[in-house]
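Since the structure comes first, as structure tokens, the remarks are kept for the end.
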Amino acid sequence: MATGAYSMQLGDADATRLELLGQFYDPTSSAFLEAAGVSVGDSAADLGCGHGGVTERIAAHVGDSGVVYAVDASADQLGIARGKLAHRRNIRFVQASIEDDPLHGRRVDWVYSRFLLMHVKDLGVALAAMADMLTQDGTLLLEIADVGSLAFSPADPDSDLWLPWWFALGRSRGLTLDVADRITDALHRAGFVIHRRDRHQPIASTTQAKLVHALGFEQCTNAYLREIGAPAHQIEAHRRYLQRVLHDPTVTIALFENTQYIARRR
């Protein structure tokens with residue numbers, strides 16, 4: 001990882017990036033939970049809970065008489081979440097992939113995930129696993145990131161160099177980075193009916209907003225170079241661009257669109 005105004009160690013950068021991400025997406029996630037009707041006494045699963053930012057909001061909605069299963073495949077992520085949420089007695093932490101029956105046959109009223117499905121290898125299998133976790137009248141709550149919608153303004157020849165590398169990396173790893181284009185049809189094929197769909201895209205000129213992308217880009221640079229053969233001089237060109245605009249209030253960034261889905265089984 002190169003040095004620079006935003007360069008950090010990977011673990012620290014991930015924690016910082018997720019904290020910054022929360023500044024721009026947590027308010028709409030909270031409104032989403034409220035609009036969906038998550039209530040006291042309910043049971044819920046937060047799949048791909050990460051550091052637990054939304055898990056805590058779900059736990060507050062269901063109260064002490066409810067329960068939230070915080071599920072993540074990463075022991076490191078769950079460790080951070082456990083430390084942050086130790087004061088919440090209604091959270092159960094589970095280290096597992098969503099396809100591996102993380103609830104061990106339990107059914108919940110709400111299955112929620114934010115920005116998880118872009119990281120799965122088989123979207124249909126993941127949605128089927130989510131359906132299996134729901135009670136008969138349960139509801140699926142999805143927040144889906146369209147990372148390709150991220151853009152700087154005014155545009156610059158070096159501002160969107162990262163974009164083809166991102167999708168190429170996803171293809172090389174067999175991930176579903178194009179989930180935003182596929183999710184509607186995938187939900188229908190999995191037997192869900194979409195009851196509500198809302199879309200949000202934060203747009204800002206602040207350093208914090210640009211850091212969301214800059215830190216994520218730094219985390220991916222080695223993979224861009226080694227796995228898909230991105231040209232080193234173009235990596236450096238995008239890095240220099242980010243360093244140049246990071247504190248420039250005349251340059252705005254439209255962070256990726258987040259589409260929220262409320263869906264129920266037929």
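Going through the structure tokens in order, the chains are called A, B, and so on, while each chain numbers its residues from 1 and the ligands are numbered from 1 in the order shown.
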Test item, helix (DSSP H, G or I) assignment across segment 12-253 of chain A, answer as a PyMOL selection string: chain A and resi 12-36+53-62+75-84+98-100+117-119+123-133+147-149+162-173+179-189+207-227+232-245
Expected answer as a VMD selection string: strand (DSSP E) residues in segment 55-254 of chain A: chain A and resid 67 to 72 91 to 95 108 to 114 134 to 146 151 to 153 192 to 200 203 to 204 252 to 254
Nearest candidate to Leu20 of chain A (options A:Leu225, A:Lys210, A:Val179, A:Asp146; using only C-alpha atoms):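 Looking at the shortest contact to Leu20 of chain A, the residue is A:Lys210.
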Residue neighbourhood Asn258 of chain A, 10 Å, only C-alpha atoms, exclusion window fewer than 3 positions, as a PDB file with N, CA and C atoms, in the first residue's frame:
```
ATOM      1  N   TYR A  25     -24.678   6.319   5.215  1.00  0.00           N
ATOM      2  CA  TYR A  25     -25.732   5.347   4.932  1.00  0.00           C
ATOM      3  C   TYR A  25     -26.541   4.935   6.159  1.00  0.00           C
ATOM      4  N   THR A  28     -30.290   6.474   6.491  1.00  0.00           N
ATOM      5  CA  THR A  28     -31.313   5.868   5.644  1.00  0.00           C
ATOM      6  C   THR A  28     -31.583   4.427   6.054  1.00  0.00           C
ATOM      7  N   SER A  29     -30.571   3.738   6.593  1.00  0.00           N
ATOM      8  CA  SER A  29     -30.812   2.391   7.109  1.00  0.00           C
ATOM      9  C   SER A  29     -31.764   2.446   8.303  1.00  0.00           C
ATOM     10  N   ARG A 114     -27.155  -5.547   4.588  1.00  0.00           N
ATOM     11  CA  ARG A 114     -26.752  -4.314   3.902  1.00  0.00           C
ATOM     12  C   ARG A 114     -25.438  -4.556   3.180  1.00  0.00           C
ATOM     13  N   PHE A 115     -25.479  -4.405   1.864  1.00  0.00           N
ATOM     14  CA  PHE A 115     -24.290  -4.460   1.001  1.00  0.00           C
ATOM     15  C   PHE A 115     -23.595  -5.822   1.059  1.00  0.00           C
ATOM     16  N   LEU A 142     -33.467  -5.850   2.332  1.00  0.00           N
ATOM     17  CA  LEU A 142     -32.180  -5.810   1.649  1.00  0.00           C
ATOM     18  C   LEU A 142     -31.791  -4.374   1.327  1.00  0.00           C
ATOM     19  N   GLU A 143     -30.516  -4.077   1.521  1.00  0.00           N
ATOM     20  CA  GLU A 143     -29.939  -2.827   1.020  1.00  0.00           C
ATOM     21  C   GLU A 143     -28.857  -3.225   0.022  1.00  0.00           C
ATOM     22  N   ILE A 144     -29.037  -2.779  -1.216  1.00  0.00           N
ATOM     23  CA  ILE A 144     -28.218  -3.232  -2.333  1.00  0.00           C
ATOM     24  C   ILE A 144     -27.405  -2.066  -2.887  1.00  0.00           C
ATOM     25  N   ALA A 145     -26.092  -2.240  -2.919  1.00  0.00           N
ATOM     26  CA  ALA A 145     -25.196  -1.193  -3.398  1.00  0.00           C
ATOM     27  C   ALA A 145     -24.962  -1.323  -4.898  1.00  0.00           C
ATOM     28  N   ASP A 146     -25.095  -0.219  -5.601  1.00  0.00           N
ATOM     29  CA  ASP A 146     -24.701  -0.148  -7.014  1.00  0.00           C
ATOM     30  C   ASP A 146     -23.387   0.620  -7.064  1.00  0.00           C
ATOM     31  N   VAL A 147     -22.287  -0.101  -6.840  1.00  0.00           N
ATOM     32  CA  VAL A 147     -20.987   0.544  -6.720  1.00  0.00           C
ATOM     33  C   VAL A 147     -20.603   1.274  -7.997  1.00  0.00           C
ATOM     34  N   SER A 149     -22.274   3.160  -9.735  1.00  0.00           N
ATOM     35  CA  SER A 149     -22.896   4.477  -9.857  1.00  0.00           C
ATOM     36  C   SER A 149     -22.074   5.570  -9.195  1.00  0.00           C
ATOM     37  N   ALA A 180     -26.775  -5.129  -8.244  1.00  0.00           N
ATOM     38  CA  ALA A 180     -27.796  -4.099  -8.413  1.00  0.00           C
ATOM     39  C   ALA A 180     -28.585  -4.301  -9.701  1.00  0.00           C
ATOM     40  N   ASP A 198     -36.946   1.641  -2.434  1.00  0.00           N
ATOM     41  CA  ASP A 198     -36.522   3.047  -2.320  1.00  0.00           C
ATOM     42  C   ASP A 198     -35.047   3.146  -2.661  1.00  0.00           C
ATOM     43  N   ARG A 199     -34.667   4.260  -3.240  1.00  0.00           N
ATOM     44  CA  ARG A 199     -33.277   4.431  -3.663  1.00  0.00           C
ATOM     45  C   ARG A 199     -32.723   5.737  -3.100  1.00  0.00           C
ATOM     46  N   HIS A 200     -31.469   5.655  -2.628  1.00  0.00           N
ATOM     47  CA  HIS A 200     -30.798   6.818  -2.051  1.00  0.00           C
ATOM     48  C   HIS A 200     -29.374   6.874  -2.592  1.00  0.00           C
ATOM     49  N   GLN A 201     -28.890   8.083  -2.816  1.00  0.00           N
ATOM     50  CA  GLN A 201     -27.497   8.260  -3.235  1.00  0.00           C
ATOM     51  C   GLN A 201     -26.923   9.506  -2.567  1.00  0.00           C
ATOM     52  N   PRO A 202     -26.044   9.311  -1.585  1.00  0.00           N
ATOM     53  CA  PRO A 202     -25.424  10.474  -0.948  1.00  0.00           C
ATOM     54  C   PRO A 202     -24.505  11.211  -1.926  1.00  0.00           C
ATOM     55  N   LEU A 255     -21.605   9.166  -3.966  1.00  0.00           N
ATOM     56  CA  LEU A 255     -21.315   7.817  -3.494  1.00  0.00           C
ATOM     57  C   LEU A 255     -22.303   6.836  -4.124  1.00  0.00           C
ATOM     58  N   TYR A 261     -34.941  -2.807  -0.426  1.00  0.00           N
ATOM     59  CA  TYR A 261     -36.038  -3.684  -0.831  1.00  0.00           C
ATOM     60  C   TYR A 261     -36.718  -4.279   0.396  1.00  0.00           C
TER      61      TYR A 261
END
```
Residue with smallest distance to His61 of chain A - pool A:Thr176, A:Asn222, A:Asn90, A:Ser74, counting only C-alpha atoms: A:Asn90
Pairwise distance for atom CA of Gly66 of chain A and atom CA of Asp42 of chain A, rounded to one decimal in Å: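 That distance, rounded to one decimal, is 4.9 Å.
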Contact residues around Ala168 of chain A with only C-alpha atoms at 9 Å, ignoring same-chain residues under 5 positions, as a PyMOL selection string: chain A and resi 163+173+224+228
For the contact check between segment 120-232 of chain A and segment 46-50 of chain A, emit one row per residue of segment 120-232 of chain A within 12 Å, containing the shortest atom pair and the distance in Å rounded to one decimal, counting only C-alpha atoms, chain then rising number order, as JSON lines.
```
{"residue": "A:Val120", "atom": "CA", "partner": "A:Gly48", "partner_atom": "CA", "distance": 10.6}
{"residue": "A:Ala126", "atom": "CA", "partner": "A:Leu47", "partner_atom": "CA", "distance": 10.6}
{"residue": "A:Leu127", "atom": "CA", "partner": "A:Leu47", "partner_atom": "CA", "distance": 11.5}
{"residue": "A:Ala129", "atom": "CA", "partner": "A:Leu47", "partner_atom": "CA", "distance": 10.8}
{"residue": "A:Met130", "atom": "CA", "partner": "A:Leu47", "partner_atom": "CA", "distance": 8.9}
{"residue": "A:Met133", "atom": "CA", "partner": "A:Leu47", "partner_atom": "CA", "distance": 10.7}
{"residue": "A:Leu140", "atom": "CA", "partner": "A:Asp46", "partner_atom": "CA", "distance": 10.6}
{"residue": "A:Leu141", "atom": "CA", "partner": "A:Asp46", "partner_atom": "CA", "distance": 9.5}
{"residue": "A:Leu142", "atom": "CA", "partner": "A:Leu47", "partner_atom": "CA", "distance": 9.9}
{"residue": "A:Glu143", "atom": "CA", "partner": "A:Leu47", "partner_atom": "CA", "distance": 11.3}
```
Would you mind exporting C-alpha atoms of the selected residues as a PDB file, in the first residue's frame?
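Output (selection_37.pdb):
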```pdb
ATOM      1  CA  VAL A 120     -21.671 -13.892  -2.611  1.00  0.00           C
ATOM      2  CA  ALA A 126     -27.930 -16.854  -0.991  1.00  0.00           C
ATOM      3  CA  LEU A 127     -31.531 -15.708  -1.433  1.00  0.00           C
ATOM      4  CA  ALA A 129     -30.806 -19.405   2.338  1.00  0.00           C
ATOM      5  CA  MET A 130     -32.365 -16.136   3.439  1.00  0.00           C
ATOM      6  CA  MET A 133     -34.419 -18.298   7.776  1.00  0.00           C
ATOM      7  CA  LEU A 140     -36.703  -9.805   3.852  1.00  0.00           C
ATOM      8  CA  LEU A 141     -34.984  -6.417   4.127  1.00  0.00           C
ATOM      9  CA  LEU A 142     -32.180  -5.810   1.649  1.00  0.00           C
ATOM     10  CA  GLU A 143     -29.939  -2.827   1.020  1.00  0.00           C
TER      11      GLU A 143
END
```
Contacts of Leu211 of chain A at 9 Å (only C-alpha atoms; same-chain gap of 5+ positions) as a PDB file with N, CA and C atoms, in the first residue's frame:
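Full text of out-v3.pdb as output:
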```pdb
ATOM      1  N   TYR A   6      -4.315   9.519   2.730  1.00  0.00           N
ATOM      2  CA  TYR A   6      -5.341   8.670   3.311  1.00  0.00           C
ATOM      3  C   TYR A   6      -4.844   7.255   3.530  1.00  0.00           C
ATOM      4  N   ARG A  17     -13.029   3.112   7.251  1.00  0.00           N
ATOM      5  CA  ARG A  17     -13.914   3.175   6.078  1.00  0.00           C
ATOM      6  C   ARG A  17     -15.354   2.832   6.463  1.00  0.00           C
ATOM      7  N   LEU A  20     -16.890   5.717   8.321  1.00  0.00           N
ATOM      8  CA  LEU A  20     -17.261   6.779   7.389  1.00  0.00           C
ATOM      9  C   LEU A  20     -18.480   6.379   6.561  1.00  0.00           C
ATOM     10  N   THR A 206     -17.369  16.738   0.840  1.00  0.00           N
ATOM     11  CA  THR A 206     -16.519  16.687   2.026  1.00  0.00           C
ATOM     12  C   THR A 206     -15.379  15.689   1.865  1.00  0.00           C
ATOM     13  N   GLY A 216     -11.365   2.502   0.305  1.00  0.00           N
ATOM     14  CA  GLY A 216     -11.733   1.273  -0.385  1.00  0.00           C
ATOM     15  C   GLY A 216     -10.827   0.991  -1.568  1.00  0.00           C
ATOM     16  N   LEU A 242      -7.072  11.265  -6.439  1.00  0.00           N
ATOM     17  CA  LEU A 242      -7.751  11.280  -5.148  1.00  0.00           C
ATOM     18  C   LEU A 242      -7.037  12.194  -4.162  1.00  0.00           C
ATOM     19  N   LEU A 246      -9.088  15.402  -2.597  1.00  0.00           N
ATOM     20  CA  LEU A 246      -9.586  14.975  -1.299  1.00  0.00           C
ATOM     21  C   LEU A 246     -10.118  16.140  -0.469  1.00  0.00           C
TER      22      LEU A 246
END
```
Pick from A:Asp156, A:Asp14, A:Asp72, A:Glu34, whichever lies nearest to Val245 of chain A using only C-alpha atoms: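 Ranked by minimum distance to Val245 of chain A, first place goes to A:Asp156.
In this model, the gap between atom CA of Val71 of chain A and atom CA of Ala209 of chain A comes to 27.3 Å.
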Selected residue of minimal separation from Phe32 of chain A among A:Thr221, A:Ser153, A:Ser113, A:Gln208, counting only C-alpha atoms: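 Of A:Thr221, A:Ser153, A:Ser113, A:Gln208, the one nearest Phe32 of chain A is A:Ser113, counting only C-alpha atoms.
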Residues near segment 134-137 of chain A, cut-off 6 Å, only C-alpha atoms, skip fewer than 3 positions along chain, as a list in words: Arg107, Val108, Asp109 and Ala131 of chain A
Closest of A:Leu187, A:Val67, A:Leu21, A:Ala151 to Val40 of chain A - atom-to-atom distances counting only C-alpha atoms: A:Val67
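The closest residue to Arg226 of chain A, picked from A:Leu169, A:Ala31, A:Leu78, A:Ile91 and counting only C-alpha atoms, is A:Leu169.
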